[in-house]
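So this block is query-v9.cif, mmCIF, C-alpha atoms and all ligand atoms:
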```cif
data_my_file
#
loop_
_atom_site.label_atom_id
_atom_site.label_comp_id
_atom_site.auth_asym_id
_atom_site.auth_seq_id
_atom_site.Cartn_x
_atom_site.Cartn_y
_atom_site.Cartn_z
CA MET A 1 102.89 29.33 23.14
CA LYS A 2 103.11 29.42 26.95
CA ASN A 3 103.90 26.14 28.65
CA PHE A 4 101.95 25.60 31.86
CA ASP A 5 101.50 22.44 33.85
CA VAL A 6 97.93 21.26 34.48
CA ASN A 7 97.63 22.89 37.91
CA GLU A 8 99.01 26.21 36.65
CA LEU A 9 96.62 26.07 33.72
CA LYS A 10 93.67 25.63 36.10
CA GLU A 11 94.79 28.62 38.16
CA ILE A 12 95.27 30.79 35.07
CA PHE A 13 91.82 29.79 33.79
CA PHE A 14 90.12 30.93 36.99
CA ASN A 15 92.21 34.10 37.37
CA TYR A 16 91.46 35.17 33.83
CA PHE A 17 87.74 34.42 33.76
CA GLN A 18 87.21 35.91 37.22
CA LYS A 19 88.67 39.15 35.79
CA CYS A 20 86.08 38.84 33.01
CA GLY A 21 83.34 38.77 35.66
CA TYR A 22 82.75 35.03 36.04
CA VAL A 23 82.31 33.71 39.58
CA LYS A 24 84.11 30.51 40.50
CA ILE A 25 81.76 27.74 41.64
CA GLU A 26 82.57 24.22 42.77
CA GLY A 27 82.16 21.32 40.37
CA SER A 28 79.28 18.94 41.14
CA SER A 29 79.39 15.30 42.19
CA LEU A 30 80.05 12.66 39.54
CA VAL A 31 76.70 11.20 40.60
CA PRO A 32 73.86 13.21 39.05
CA THR A 33 71.35 14.16 41.73
CA THR A 34 68.59 15.59 39.56
CA ASP A 35 68.69 13.42 36.44
CA ASN A 36 68.37 9.64 36.46
CA SER A 37 68.81 9.28 32.72
CA VAL A 38 72.61 9.14 32.98
CA LEU A 39 74.81 7.16 35.40
CA PHE A 40 77.60 9.73 35.71
CA THR A 41 77.77 13.46 35.12
CA PRO A 42 78.67 13.62 31.42
CA ALA A 43 79.38 17.35 31.03
CA GLY A 44 79.82 20.59 32.95
CA MET A 45 76.48 22.03 31.89
CA HIS A 46 74.58 18.95 33.07
CA PRO A 47 74.25 19.90 36.77
CA LEU A 48 73.48 23.51 35.79
CA ILE A 49 70.53 22.81 33.48
CA PRO A 50 67.86 24.07 35.93
CA TYR A 51 69.70 27.43 36.00
CA LEU A 52 70.46 27.59 32.27
CA THR A 53 66.78 27.04 31.47
CA GLY A 54 65.75 29.79 33.88
CA GLN A 55 63.82 27.44 36.20
CA LYS A 56 66.07 28.31 39.13
CA LYS A 57 68.18 31.32 40.10
CA HIS A 58 71.82 30.46 40.83
CA PRO A 59 72.95 31.79 44.25
CA LYS A 60 76.33 32.86 42.80
CA GLY A 61 74.85 35.02 40.04
CA ASN A 62 74.58 34.75 36.27
CA LYS A 63 78.22 34.46 35.16
CA LEU A 64 79.80 31.23 36.44
CA ALA A 65 82.98 29.23 35.91
CA ASN A 66 84.11 25.87 37.21
CA ILE A 67 86.02 22.67 36.58
CA GLN A 68 83.74 19.64 36.41
CA ASN A 69 84.78 16.02 36.84
CA VAL A 70 83.15 13.81 34.23
CA VAL A 71 83.11 10.09 33.48
CA ARG A 72 82.35 8.80 30.00
CA THR A 73 82.69 5.11 29.20
CA GLY A 74 81.05 4.96 25.75
CA ALA A 75 84.49 4.52 24.13
CA ILE A 76 86.08 2.46 26.92
CA ASN A 77 87.69 0.09 24.40
CA LYS A 78 89.57 3.02 22.90
CA VAL A 79 91.16 4.05 26.21
CA GLY A 80 94.92 3.97 25.80
CA GLU A 81 94.71 5.46 22.31
CA ASP A 82 96.01 9.00 22.05
CA SER A 83 92.94 10.99 23.03
CA PHE A 84 90.61 8.70 25.00
CA LEU A 85 90.10 8.73 28.78
CA THR A 86 87.24 7.49 30.98
CA PHE A 87 87.67 10.22 33.59
CA PHE A 88 88.48 13.78 32.74
CA GLU A 89 88.07 17.35 33.88
CA LEU A 90 86.31 20.06 31.90
CA PHE A 91 86.75 23.81 32.08
CA GLY A 92 83.32 25.46 31.89
CA ASP A 93 81.93 29.00 31.75
CA TRP A 94 78.28 29.97 31.69
CA ILE A 95 76.19 33.08 31.26
CA ILE A 96 72.58 32.83 32.34
CA GLY A 97 70.20 35.34 30.78
CA GLN A 98 71.05 38.15 28.37
CA TYR A 99 74.60 38.21 27.03
CA ASN A 100 76.75 40.14 24.56
CA LYS A 101 77.95 37.66 21.95
CA GLN A 102 80.98 39.62 20.84
CA GLU A 103 82.13 40.14 24.41
CA VAL A 104 81.73 36.42 25.20
CA LEU A 105 83.74 35.34 22.16
CA SER A 106 86.35 38.06 22.65
CA ASP A 107 87.01 36.87 26.23
CA VAL A 108 87.61 33.31 24.98
CA TRP A 109 89.74 34.49 22.07
CA LYS A 110 91.95 36.60 24.34
CA PHE A 111 92.37 33.68 26.76
CA LEU A 112 93.63 31.45 23.98
CA THR A 113 95.70 33.98 22.03
CA ASN A 114 96.93 36.46 24.68
CA ILE A 115 97.10 34.42 27.88
CA LEU A 116 98.08 31.02 26.46
CA GLU A 117 99.74 32.67 23.43
CA ILE A 118 98.35 30.14 20.95
CA PRO A 119 99.20 31.56 17.48
CA GLU A 120 96.08 33.05 15.85
CA GLU A 121 97.04 31.72 12.43
CA GLN A 122 96.73 28.15 13.73
CA LEU A 123 93.18 28.63 15.02
CA TYR A 124 90.13 27.83 12.89
CA ILE A 125 86.52 28.38 13.85
CA THR A 126 83.33 26.63 12.83
CA TYR A 127 79.87 28.18 12.89
CA PHE A 128 76.35 27.03 11.99
CA GLU A 129 75.89 27.22 8.22
CA GLY A 130 72.10 27.00 8.30
CA SER A 131 69.58 24.24 7.68
CA ASP A 132 65.84 23.73 7.73
CA ILE A 133 65.97 24.33 11.50
CA HIS A 134 67.51 27.79 11.42
CA ASP A 135 69.27 30.25 9.11
CA LYS A 136 73.04 30.70 8.91
CA ASP A 137 74.45 32.10 12.17
CA ILE A 138 75.35 35.57 10.85
CA SER A 139 75.75 37.22 14.25
CA THR A 140 78.47 34.74 15.20
CA ILE A 141 80.34 35.34 11.92
CA ASN A 142 80.13 39.10 12.43
CA SER A 143 81.29 38.86 16.04
CA TRP A 144 84.35 36.81 15.08
CA MET A 145 85.22 39.17 12.23
CA ASN A 146 84.90 42.21 14.51
CA ILE A 147 87.29 40.49 16.90
CA GLY A 148 89.78 40.20 14.05
CA VAL A 149 89.43 36.58 12.93
CA LYS A 150 90.14 36.30 9.20
CA GLU A 151 87.30 35.18 6.97
CA ASN A 152 89.28 32.20 5.64
CA HIS A 153 89.57 30.90 9.22
CA LEU A 154 85.78 30.78 9.63
CA CYS A 155 84.25 27.51 8.48
CA PRO A 156 80.53 26.78 8.08
CA THR A 157 79.16 23.36 9.10
CA VAL A 158 75.66 21.95 9.61
CA LYS A 159 76.90 20.17 12.74
CA ASN A 160 77.07 23.39 14.73
CA TRP A 161 73.69 23.07 16.38
CA LYS A 162 73.24 21.76 19.93
CA GLY A 163 70.17 20.31 21.55
CA PRO A 164 67.35 20.08 22.28
CA TYR A 165 68.35 19.18 25.84
CA SER A 166 66.38 18.61 29.06
CA SER A 167 62.65 18.80 29.56
CA GLU A 168 62.83 22.47 28.56
CA LYS A 169 64.28 21.43 25.15
CA ILE A 170 66.88 24.18 25.07
CA CYS A 171 68.88 24.42 21.85
CA GLY A 172 70.84 26.76 19.65
CA PRO A 173 73.86 27.27 17.40
CA ASN A 174 77.40 26.71 18.62
CA THR A 175 80.81 27.82 17.45
CA ARG A 176 83.95 25.78 17.97
CA ILE A 177 87.61 26.74 17.99
CA PHE A 178 90.05 24.25 16.49
CA TYR A 179 93.84 24.15 16.50
CA ASP A 180 95.67 23.22 13.32
CA THR A 181 98.50 20.90 14.37
CA GLY A 182 100.35 21.57 11.10
CA LYS A 183 100.15 17.92 10.04
CA GLU A 184 99.66 17.15 6.34
CA LYS A 185 96.05 17.07 5.16
CA CYS A 186 94.83 13.46 5.01
CA SER A 187 93.12 14.05 1.64
CA SER A 188 92.02 16.87 -0.60
CA ASN A 189 88.71 16.93 1.34
CA CYS A 190 90.44 17.34 4.72
CA ASN A 191 89.06 20.33 6.59
CA VAL A 192 88.54 21.52 10.14
CA THR A 193 85.79 18.95 10.80
CA CYS A 194 87.95 15.99 9.68
CA ASN A 195 88.85 13.58 12.47
CA CYS A 196 92.25 12.54 11.06
CA GLY A 197 94.05 14.41 13.84
CA LYS A 198 95.21 17.45 11.87
CA TYR A 199 92.69 19.67 13.67
CA VAL A 200 92.08 19.43 17.41
CA GLU A 201 88.97 20.93 18.98
CA LEU A 202 89.90 23.33 21.80
CA TRP A 203 86.84 25.25 22.81
CA ASP A 204 83.10 25.01 22.28
CA VAL A 205 80.65 27.88 22.79
CA VAL A 206 76.92 27.10 22.67
CA PHE A 207 74.28 29.80 22.47
CA PHE A 208 71.09 28.37 23.93
CA ASP A 209 68.86 31.00 22.36
CA TYR A 210 65.87 28.76 21.68
CA THR A 211 63.53 26.15 23.02
CA TYR A 212 62.08 23.51 20.77
CA LYS A 213 58.35 23.29 21.40
CA ASN A 214 55.61 21.51 19.45
CA GLY A 215 57.94 20.83 16.56
CA LYS A 216 59.18 24.38 16.17
CA LEU A 217 61.77 26.79 17.52
CA GLU A 218 60.76 29.49 19.96
CA LYS A 219 62.99 32.31 21.19
CA SER A 220 63.98 31.40 24.73
CA ILE A 221 62.77 33.63 27.55
CA SER A 222 66.04 32.81 29.31
CA PRO A 223 68.85 32.52 26.73
CA SER A 224 72.18 31.26 28.04
CA VAL A 225 75.74 30.50 26.98
CA ASP A 226 77.55 27.26 27.75
CA MET A 227 81.22 27.01 26.88
CA GLY A 228 84.21 24.98 27.77
CA ALA A 229 87.20 22.87 27.01
CA GLY A 230 88.87 19.65 28.10
CA VAL A 231 91.58 20.38 30.67
CA GLU A 232 93.89 17.59 29.49
CA ARG A 233 93.43 18.33 25.81
CA LEU A 234 94.28 22.00 26.26
CA ALA A 235 97.23 21.06 28.49
CA ALA A 236 98.55 18.63 25.84
CA LEU A 237 98.47 21.38 23.25
CA ILE A 238 100.30 24.03 25.27
CA GLN A 239 102.77 21.46 26.62
CA GLY A 240 103.60 20.48 23.03
CA VAL A 241 102.90 16.76 23.52
CA ASN A 242 101.11 14.51 21.05
CA THR A 243 98.76 12.65 23.38
CA ILE A 244 96.77 13.33 26.52
CA TYR A 245 98.78 10.57 28.22
CA GLU A 246 101.89 12.73 27.98
CA THR A 247 100.59 15.78 29.88
CA ASP A 248 102.48 16.33 33.13
CA MET A 249 99.77 14.71 35.31
CA MET A 250 99.05 11.62 33.19
CA ASN A 251 102.72 11.17 32.35
CA ILE A 252 103.59 10.72 36.03
CA LEU A 253 100.98 7.97 36.36
CA VAL A 254 101.83 6.18 33.11
CA ASN A 255 105.55 6.27 34.02
CA MET A 256 104.77 4.82 37.43
CA VAL A 257 102.89 1.94 35.83
CA GLU A 258 105.66 1.36 33.28
CA SER A 259 108.28 1.26 36.04
CA GLN A 260 106.41 -1.72 37.55
CA VAL A 261 106.80 -3.81 34.40
CA GLU A 262 109.73 -6.11 35.13
CA GLU A 263 110.35 -7.38 31.60
CA LYS A 264 111.30 -4.04 30.06
CA GLU A 265 111.29 -5.40 26.49
CA LYS A 266 107.49 -5.61 26.85
CA LEU A 267 107.44 -1.80 26.71
CA LEU A 268 108.69 -1.89 23.12
CA ASP A 269 105.26 -3.21 22.09
CA SER A 270 102.64 -0.49 21.53
CA ASN A 271 99.89 -2.85 22.77
CA ASN A 272 101.63 -3.05 26.13
CA ILE A 273 102.06 0.74 26.27
CA LYS A 274 98.30 0.89 25.73
CA LYS A 275 97.81 -1.47 28.68
CA CYS A 276 99.96 0.78 30.91
CA ARG A 277 97.78 3.73 29.91
CA ILE A 278 94.62 1.70 30.61
CA ILE A 279 95.85 0.97 34.14
CA ALA A 280 96.70 4.64 34.75
CA ASP A 281 93.39 5.88 33.36
CA HIS A 282 91.17 3.22 34.96
CA LEU A 283 92.73 3.49 38.41
CA ARG A 284 92.46 7.28 38.31
CA CYS A 285 88.81 6.98 37.25
CA SER A 286 88.09 4.38 39.96
CA CYS A 287 89.68 6.55 42.69
CA LEU A 288 87.65 9.58 41.64
CA ILE A 289 84.39 7.56 41.49
CA ILE A 290 84.89 5.89 44.89
CA GLY A 291 86.34 9.07 46.42
CA ASP A 292 83.54 11.33 45.13
CA GLU A 293 81.35 13.16 47.61
CA ILE A 294 78.74 10.48 46.76
CA SER A 295 80.71 7.22 46.74
CA THR A 296 79.92 4.36 44.39
CA ILE A 297 81.10 0.82 45.12
CA PRO A 298 81.43 -2.08 42.65
CA SER A 299 78.22 -4.06 42.09
CA ASN A 300 76.35 -5.83 39.33
CA LYS A 301 74.16 -2.98 38.22
CA GLY A 302 74.16 0.66 37.19
CA ARG A 303 77.06 2.82 38.34
CA GLY A 304 78.47 0.00 40.44
CA TYR A 305 78.69 -2.21 37.38
CA VAL A 306 80.55 0.45 35.41
CA LEU A 307 83.01 0.83 38.29
CA ARG A 308 83.43 -2.96 38.55
CA LYS A 309 84.14 -3.17 34.83
CA ILE A 310 86.74 -0.38 35.03
CA ILE A 311 88.57 -1.93 38.01
CA ARG A 312 88.54 -5.40 36.44
CA ARG A 313 89.85 -4.07 33.13
CA ALA A 314 92.74 -2.47 35.04
CA ILE A 315 93.43 -5.78 36.83
CA ASN A 316 93.41 -7.70 33.51
CA SER A 317 96.01 -5.34 32.04
CA THR A 318 98.05 -5.57 35.24
CA ASP A 319 98.08 -9.36 35.02
CA GLN A 320 98.93 -9.37 31.34
CA LEU A 321 101.94 -7.12 31.95
CA GLY A 322 103.10 -9.21 34.90
CA ILE A 323 102.77 -6.26 37.30
CA LYS A 324 102.38 -7.21 40.95
CA TYR A 325 99.16 -6.09 42.61
CA ASP A 326 101.22 -4.67 45.52
CA SER A 327 102.00 -1.65 43.35
CA TYR A 328 98.35 -0.57 43.38
CA GLU A 329 98.61 0.89 46.86
CA PHE A 330 101.46 3.12 45.76
CA LEU A 331 99.61 4.18 42.59
CA ILE A 332 96.32 4.85 44.36
CA ASN A 333 98.05 6.95 47.02
CA LYS A 334 99.80 8.94 44.29
CA ILE A 335 96.51 9.57 42.45
CA ILE A 336 94.90 10.76 45.69
CA ASP A 337 97.86 13.09 46.40
CA MET A 338 97.70 14.53 42.89
CA TYR A 339 93.95 15.19 42.83
CA LYS A 340 93.07 15.91 46.47
CA LYS A 341 93.50 19.68 46.13
CA ASP A 342 90.50 19.91 43.79
CA ASN A 343 88.70 16.88 45.29
CA PRO A 344 88.84 17.15 49.10
CA PHE A 345 86.84 13.92 49.63
CA LEU A 346 89.74 11.91 48.23
CA GLU A 347 91.88 12.57 51.31
CA LEU A 348 88.99 11.85 53.69
CA LYS A 349 88.25 8.59 51.88
CA ARG A 350 91.86 7.45 51.31
CA GLU A 351 91.62 4.23 53.36
CA TYR A 352 88.13 3.56 52.06
CA ILE A 353 89.29 3.81 48.41
CA LEU A 354 92.19 1.42 49.09
CA ASN A 355 89.82 -1.02 50.79
CA VAL A 356 87.17 -0.95 48.08
CA ILE A 357 89.69 -1.61 45.30
CA ASN A 358 91.43 -4.30 47.36
CA THR A 359 88.13 -6.07 48.10
CA GLU A 360 87.17 -5.98 44.42
CA TYR A 361 90.60 -7.35 43.50
CA ASN A 362 90.21 -10.34 45.82
CA LEU A 363 86.65 -10.98 44.72
CA TYR A 364 87.63 -10.86 41.06
CA LYS A 365 90.60 -13.16 41.58
CA ASN A 366 88.39 -15.76 43.33
CA THR A 367 85.73 -15.51 40.63
CA LEU A 368 88.38 -15.88 37.93
CA LYS A 369 89.78 -18.98 39.61
CA LYS A 370 86.34 -20.64 39.78
CA ASN A 371 85.36 -19.58 36.27
CA LEU A 372 88.62 -20.81 34.77
CA ILE A 373 87.70 -24.30 36.00
CA LYS A 374 84.24 -23.97 34.44
CA ILE A 375 85.71 -22.85 31.09
CA GLU A 376 88.27 -25.67 31.22
CA LYS A 377 85.32 -28.09 31.51
CA GLU A 378 83.51 -26.48 28.57
CA LEU A 379 86.61 -26.73 26.39
CA LYS A 380 87.19 -30.38 27.22
CA ASN A 381 86.73 -32.76 24.28
CA ARG A 382 86.20 -29.92 21.83
CA ASN A 383 87.90 -29.95 18.44
CA ASN A 384 87.17 -26.41 17.36
CA ILE A 385 85.74 -23.09 18.55
CA SER A 386 84.62 -19.85 16.86
CA ASN A 387 85.43 -16.27 17.88
CA GLU A 388 81.78 -15.82 18.72
CA GLU A 389 81.87 -18.77 21.12
CA ILE A 390 85.00 -17.36 22.77
CA ASN A 391 83.20 -14.04 23.19
CA ASN A 392 80.20 -15.85 24.67
CA LEU A 393 82.49 -17.48 27.24
CA PHE A 394 83.89 -14.05 28.07
CA ASN A 395 80.39 -12.60 28.49
CA ARG A 396 79.28 -15.52 30.64
CA TYR A 397 82.33 -15.83 32.88
CA GLY A 398 84.09 -12.46 32.66
CA VAL A 399 87.42 -14.15 31.93
CA PRO A 400 89.38 -11.97 29.48
CA VAL A 401 89.37 -13.13 25.83
CA ASP A 402 93.21 -13.27 25.83
CA ILE A 403 93.17 -15.81 28.66
CA ILE A 404 90.44 -17.93 27.03
CA THR A 405 92.39 -17.87 23.75
CA GLU A 406 95.51 -19.08 25.58
CA MET A 407 93.49 -21.96 27.05
CA VAL A 408 92.14 -22.82 23.60
CA ILE A 409 95.67 -22.97 22.17
CA LYS A 410 96.93 -25.01 25.14
CA ASN A 411 94.12 -27.53 24.60
CA LYS A 412 95.04 -27.75 20.88
CA ILE A 413 91.54 -26.66 19.82
CA LEU A 414 91.19 -25.31 16.29
CA MET A 415 89.99 -21.69 16.07
CA ARG A 416 87.36 -21.21 13.38
CA ARG A 417 86.77 -17.83 11.78
ZN ZN B 1 91.89 14.98 7.56
#
```

Translate this file's structure into C-alpha cells.
Amino acid sequence: MKNFDVNELKEIFFNYFQKCGYVKIEGSSLVPTTDNSVLFTPAGMHPLIPYLTGQKKHPKGNKLANIQNVVRTGAINKVGEDSFLTFFELFGDWIIGQYNKQEVLSDVWKFLTNILEIPEEQLYITYFEGSDIHDKDISTINSWMNIGVKENHLCPTVKNWKGPYSSEKICGPNTRIFYDTGKEKCSSNCNVTCNCGKYVELWDVVFFDYTYKNGKLEKSISPSVDMGAGVERLAALIQGVNTIYETDMMNILVNMVESQVEEKEKLLDSNNIKKCRIIADHLRCSCLIIGDEISTIPSNKGRGYVLRKIIRRAINSTDQLGIKYDSYEFLINKIIDMYKKDNPFLELKREYILNVINTEYNLYKNTLKKNLIKIEKELKNRNNISNEEINNLFNRYGVPVDIITEMVIKNKILMRR
C-alpha cells in the first residue's frame, strides 16, 4: 500500500480523476443555501442535488469532482472514539446524465488498487440483493466481475438502496467497497456489513437511476452517479493507523493538545485521551464553521446553538484536563495554517475566528460562575439526588455533569440510582 499524507492524497485524488475526465469544482459552504431542512451541509451531493436531478445544468459539465467540508453532530457524544469526528472532508465524484457503469466502477477500482495499491484480496464489495422495491442489481454484479473482482468478494445486502432524496425523490441501488482489516471475525455471523471494526467502508457509489413517484419507481429522465469517500478514513487506512485521530493532520492537533496537559500521568487514562481528541476535533470544527465563507457565530438557536455547544464542550474538556485557555490561540492559529490552502476564508477571518472563540469563552465562564452559585443553592439542605435530577441541572444550567457530581460529593449528598 502507498503511504501518502492527507494533502498528497487530496492531490492524487484530483490528478487521477481529472485524467478520468472529471472536472474539479470547489466545495460548497458549510451553510446550505438552497435547503433549510438541515443546519449544515451533511454530504458532498447535497449542494449538487439540483444538478443531479436534472433541474439545472452545471456550468462545469457533467463529470465533476470535489472535496466537500461537512459537519455532522448526530453522534457528538462519540467524538474521541476511534472513528467519530464532527467536522470532516469528503472526496466526491459525480456523473450527471447517461453513464457507463463498468467504466465508473473500473475508475474507482483502479484508484484504490493501482494508485493507492490497496491489495485486491482485502477488498469486499456489497451490492443490492433485491427486495419488493427492485430486483437484484445484476448489472452491478456483472460490471464488477468483468473488472476482475472475484465472486466470493461480492456480497448481497438489502441495505444497498439509497433515497428517495429531495423533492424529486431520486433513488437507486448503491455498491460499497469495504477493506478487510484482517482482524478476527467477531462471531460466526460476522460479514462485510458487521460494525465490529473488521471491515471498514472505503467508497460508496450510488446509481440514481430512478425517481419515486406516487408510490412507485419510475426510470429517471436524468440518471446520475454519486460516489465518494471520507478523506480521513482513507488516509488512516493507507497510513496504516488504527484511528482517524492518528492520521498526519489530526495527529499534529491531538499531540499539541496533549503537550498542554501538565500532569502527564493524566494521559495514561483513555478517558483523558478522549478529551484531548474532543478538544482537537471541536476546535477544528469551530474554526471551519466560523471561518466558512458564510460565518456562523454562537447563539441560542439553530446553527449558532450547535457551534456554541461544540465550543463549550471543548472548554469543558480543557478545564477537566487542567489545560490553560492561553493555548487556544496557538491551536487555532495552527488549525488555520493547516486548512487555509483548501479554505481561503480561514486566513481572511483569522482574527475574527480568534475573537469569536475568545468572546464565547468569556461568556461561558461568566455564565458558569453564576450558574454554579444557583446550583449550590439548589443542593443546599438536600440529603439525596438522582442521576435524572443531576441531568436536569445540567440541562437547565449548562454546567457539566462531572462538575455537578463533584459538588454533590463535596456536599455529602447521597446519589440515588
Ligand atoms: Zn464482526

* Environment of ligand ZN 1 (chain B) within 8 Å, counting all atoms listed in the file, reported as an MDAnalysis selection string -> chainID A and resid 185:187 189:199

Counting all atoms listed in the file, what is within 10 Å of A:Met407, bar same-chain residues fewer than 3 positions away, as a PyMOL selection string? chain A and resi 372+375-376+379+401-404+410-413

Using only C-alpha atoms, the residue out of A:Asn300, A:Val408, A:Glu201, A:Ile221 with shortest distance to A:Lys377 is A:Val408

Across A:Val108, A:Leu85, A:Leu52, A:Leu331, the smallest distance to A:Ile310, with all atoms listed in the file counted, is shown by A:Leu85

Write out as a compact mmCIF listing (two decimals) with C-alpha atoms, keeping the file's coordinate frame the residues lying within 9 Å of A:Leu354, counting only C-alpha atoms and excluding same-chain residues fewer than 5 positions away.
```
# COMPACT_ATOMS: atom_id res chain seq x y z
CA CYS A 287 89.68 6.55 42.69
CA TYR A 328 98.35 -0.57 43.38
CA GLU A 329 98.61 0.89 46.86
CA ILE A 332 96.32 4.85 44.36
CA ASN A 333 98.05 6.95 47.02
CA LYS A 349 88.25 8.59 51.88
CA THR A 359 88.13 -6.07 48.10
```

Expressed in Å, the length from atom CA of A:Ser37 to atom CA of A:Thr296 is 16.8 Å

Practice task
Rank A:Ser166, A:Tyr352, A:Asp107, A:Leu217 by their smallest atom-to-atom distance to A:Lys19, using all atoms listed in the file, and report the top residue only.
Solution key: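 Checking each of A:Ser166, A:Tyr352, A:Asp107, A:Leu217 against A:Lys19, counting all atoms listed in the file, the winner is A:Asp107.
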
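One distance worth recording is that between atom CA of A:Ile353 and atom CA of A:Ser29, which is 16.4 Å.
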
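The two atoms in question, atom CA of A:Asn242 and atom CA of A:Phe111, are spaced 21.8 Å apart.
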
Next item on the list: Name the residues in contact with A:Lys365 at a cut-off of 10 Å, using only C-alpha atoms, excluding same-chain residues fewer than 6 positions from it; report them as a list in words.
Entry: Arg312, Ile315, Thr359 and Asn371 of chain A

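All protein, DNA and RNA residues at most 7 Å from (65.5, 29.6, 21.5) are A:Ile170, A:Cys171, A:Gly172, A:Phe208, A:Asp209, A:Tyr210, A:Thr211, A:Leu217, A:Glu218, A:Lys219, A:Ser220, A:Pro223, using all atoms listed in the file.
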
At a cut-off of 12 Å from (88.5, 1.4, 25.6) in the coordinates of the file, what residues are picked up using only C-alpha atoms, written as a PDB file with C-alpha atoms, in the frame of the given file?
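Result file is selection_12.pdb:
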```
ATOM      1  CA  ARG A  72      82.350   8.800  30.000  1.00  0.00           C
ATOM      2  CA  THR A  73      82.690   5.110  29.200  1.00  0.00           C
ATOM      3  CA  GLY A  74      81.050   4.960  25.750  1.00  0.00           C
ATOM      4  CA  ALA A  75      84.490   4.520  24.130  1.00  0.00           C
ATOM      5  CA  ILE A  76      86.080   2.460  26.920  1.00  0.00           C
ATOM      6  CA  ASN A  77      87.690   0.090  24.400  1.00  0.00           C
ATOM      7  CA  LYS A  78      89.570   3.020  22.900  1.00  0.00           C
ATOM      8  CA  VAL A  79      91.160   4.050  26.210  1.00  0.00           C
ATOM      9  CA  GLY A  80      94.920   3.970  25.800  1.00  0.00           C
ATOM     10  CA  GLU A  81      94.710   5.460  22.310  1.00  0.00           C
ATOM     11  CA  ASP A  82      96.010   9.000  22.050  1.00  0.00           C
ATOM     12  CA  SER A  83      92.940  10.990  23.030  1.00  0.00           C
ATOM     13  CA  PHE A  84      90.610   8.700  25.000  1.00  0.00           C
ATOM     14  CA  LEU A  85      90.100   8.730  28.780  1.00  0.00           C
ATOM     15  CA  THR A  86      87.240   7.490  30.980  1.00  0.00           C
ATOM     16  CA  PHE A  87      87.670  10.220  33.590  1.00  0.00           C
ATOM     17  CA  LYS A 274      98.300   0.890  25.730  1.00  0.00           C
ATOM     18  CA  LYS A 275      97.810  -1.470  28.680  1.00  0.00           C
ATOM     19  CA  ARG A 277      97.780   3.730  29.910  1.00  0.00           C
ATOM     20  CA  ILE A 278      94.620   1.700  30.610  1.00  0.00           C
ATOM     21  CA  ILE A 279      95.850   0.970  34.140  1.00  0.00           C
ATOM     22  CA  ASP A 281      93.390   5.880  33.360  1.00  0.00           C
ATOM     23  CA  HIS A 282      91.170   3.220  34.960  1.00  0.00           C
ATOM     24  CA  LYS A 309      84.140  -3.170  34.830  1.00  0.00           C
ATOM     25  CA  ILE A 310      86.740  -0.380  35.030  1.00  0.00           C
ATOM     26  CA  ARG A 313      89.850  -4.070  33.130  1.00  0.00           C
ATOM     27  CA  ALA A 314      92.740  -2.470  35.040  1.00  0.00           C
ATOM     28  CA  SER A 317      96.010  -5.340  32.040  1.00  0.00           C
TER      29      SER A 317
END
```

*So which residues touch A:Leu154 within 7 Å, counting all atoms listed in the file, skipping near sequence neighbours fewer than 3 positions away, as a list in words?*
Tyr124, Ile125, Thr126 and Glu151 of chain A

If we count all atoms listed in the file and set the cut-off at 10 Å, which residues sit around A:Lys110, ignoring sequence neighbours fewer than 6 positions away in its own chain? Please answer as a list in words. Tyr16, Leu116, Glu117, Ile118 and Ile147 of chain A

- For A:Gln68, the nearest of the candidates A:Val205, A:Val231, A:Cys155, A:Ile273, counting only C-alpha atoms: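 Result for the nearest residue to A:Gln68: A:Val231.
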
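When only C-alpha atoms are used to compute distances to A:Val356, the closest of the residues A:Pro298, A:Leu267, A:Trp94, A:Tyr165 turns out to be A:Pro298.
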
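Comparing A:Phe40, A:Asn214, A:Val257, A:Ile244 by their smallest distance to A:Phe330, the closest is A:Val257 (using only C-alpha atoms).
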
If I only have part of stretch 17-26 of chain A, can you fill in N, CA and C atoms and write it as a tab-separated table (two decimals), keeping the file's coordinate frame?
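Listed below is the output, out-v6.tsv:
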```
chain	number	residue	atom	x	y	z
A	17	PHE	N	89.19	34.28	33.92
A	17	PHE	CA	87.74	34.42	33.76
A	17	PHE	C	87.10	35.16	34.94
A	18	GLN	N	87.74	35.09	36.11
A	18	GLN	CA	87.21	35.91	37.22
A	18	GLN	C	87.37	37.40	36.88
A	19	LYS	N	88.49	37.75	36.24
A	19	LYS	CA	88.67	39.15	35.79
A	19	LYS	C	87.62	39.53	34.77
A	20	CYS	N	87.14	38.57	34.01
A	20	CYS	CA	86.08	38.84	33.01
A	20	CYS	C	84.69	38.83	33.66
A	21	GLY	N	84.63	38.68	34.97
A	21	GLY	CA	83.34	38.77	35.66
A	21	GLY	C	82.67	37.45	36.00
A	22	TYR	N	83.34	36.34	35.71
A	22	TYR	CA	82.75	35.03	36.04
A	22	TYR	C	83.07	34.68	37.49
A	23	VAL	N	82.12	34.09	38.18
A	23	VAL	CA	82.31	33.71	39.58
A	23	VAL	C	82.64	32.23	39.65
A	24	LYS	N	83.70	31.92	40.40
A	24	LYS	CA	84.11	30.51	40.50
A	24	LYS	C	83.11	29.73	41.36
A	25	ILE	N	82.62	28.62	40.84
A	25	ILE	CA	81.76	27.74	41.64
A	25	ILE	C	82.41	26.36	41.69
A	26	GLU	N	82.02	25.57	42.67
A	26	GLU	CA	82.57	24.22	42.77
A	26	GLU	C	81.96	23.32	41.69
```
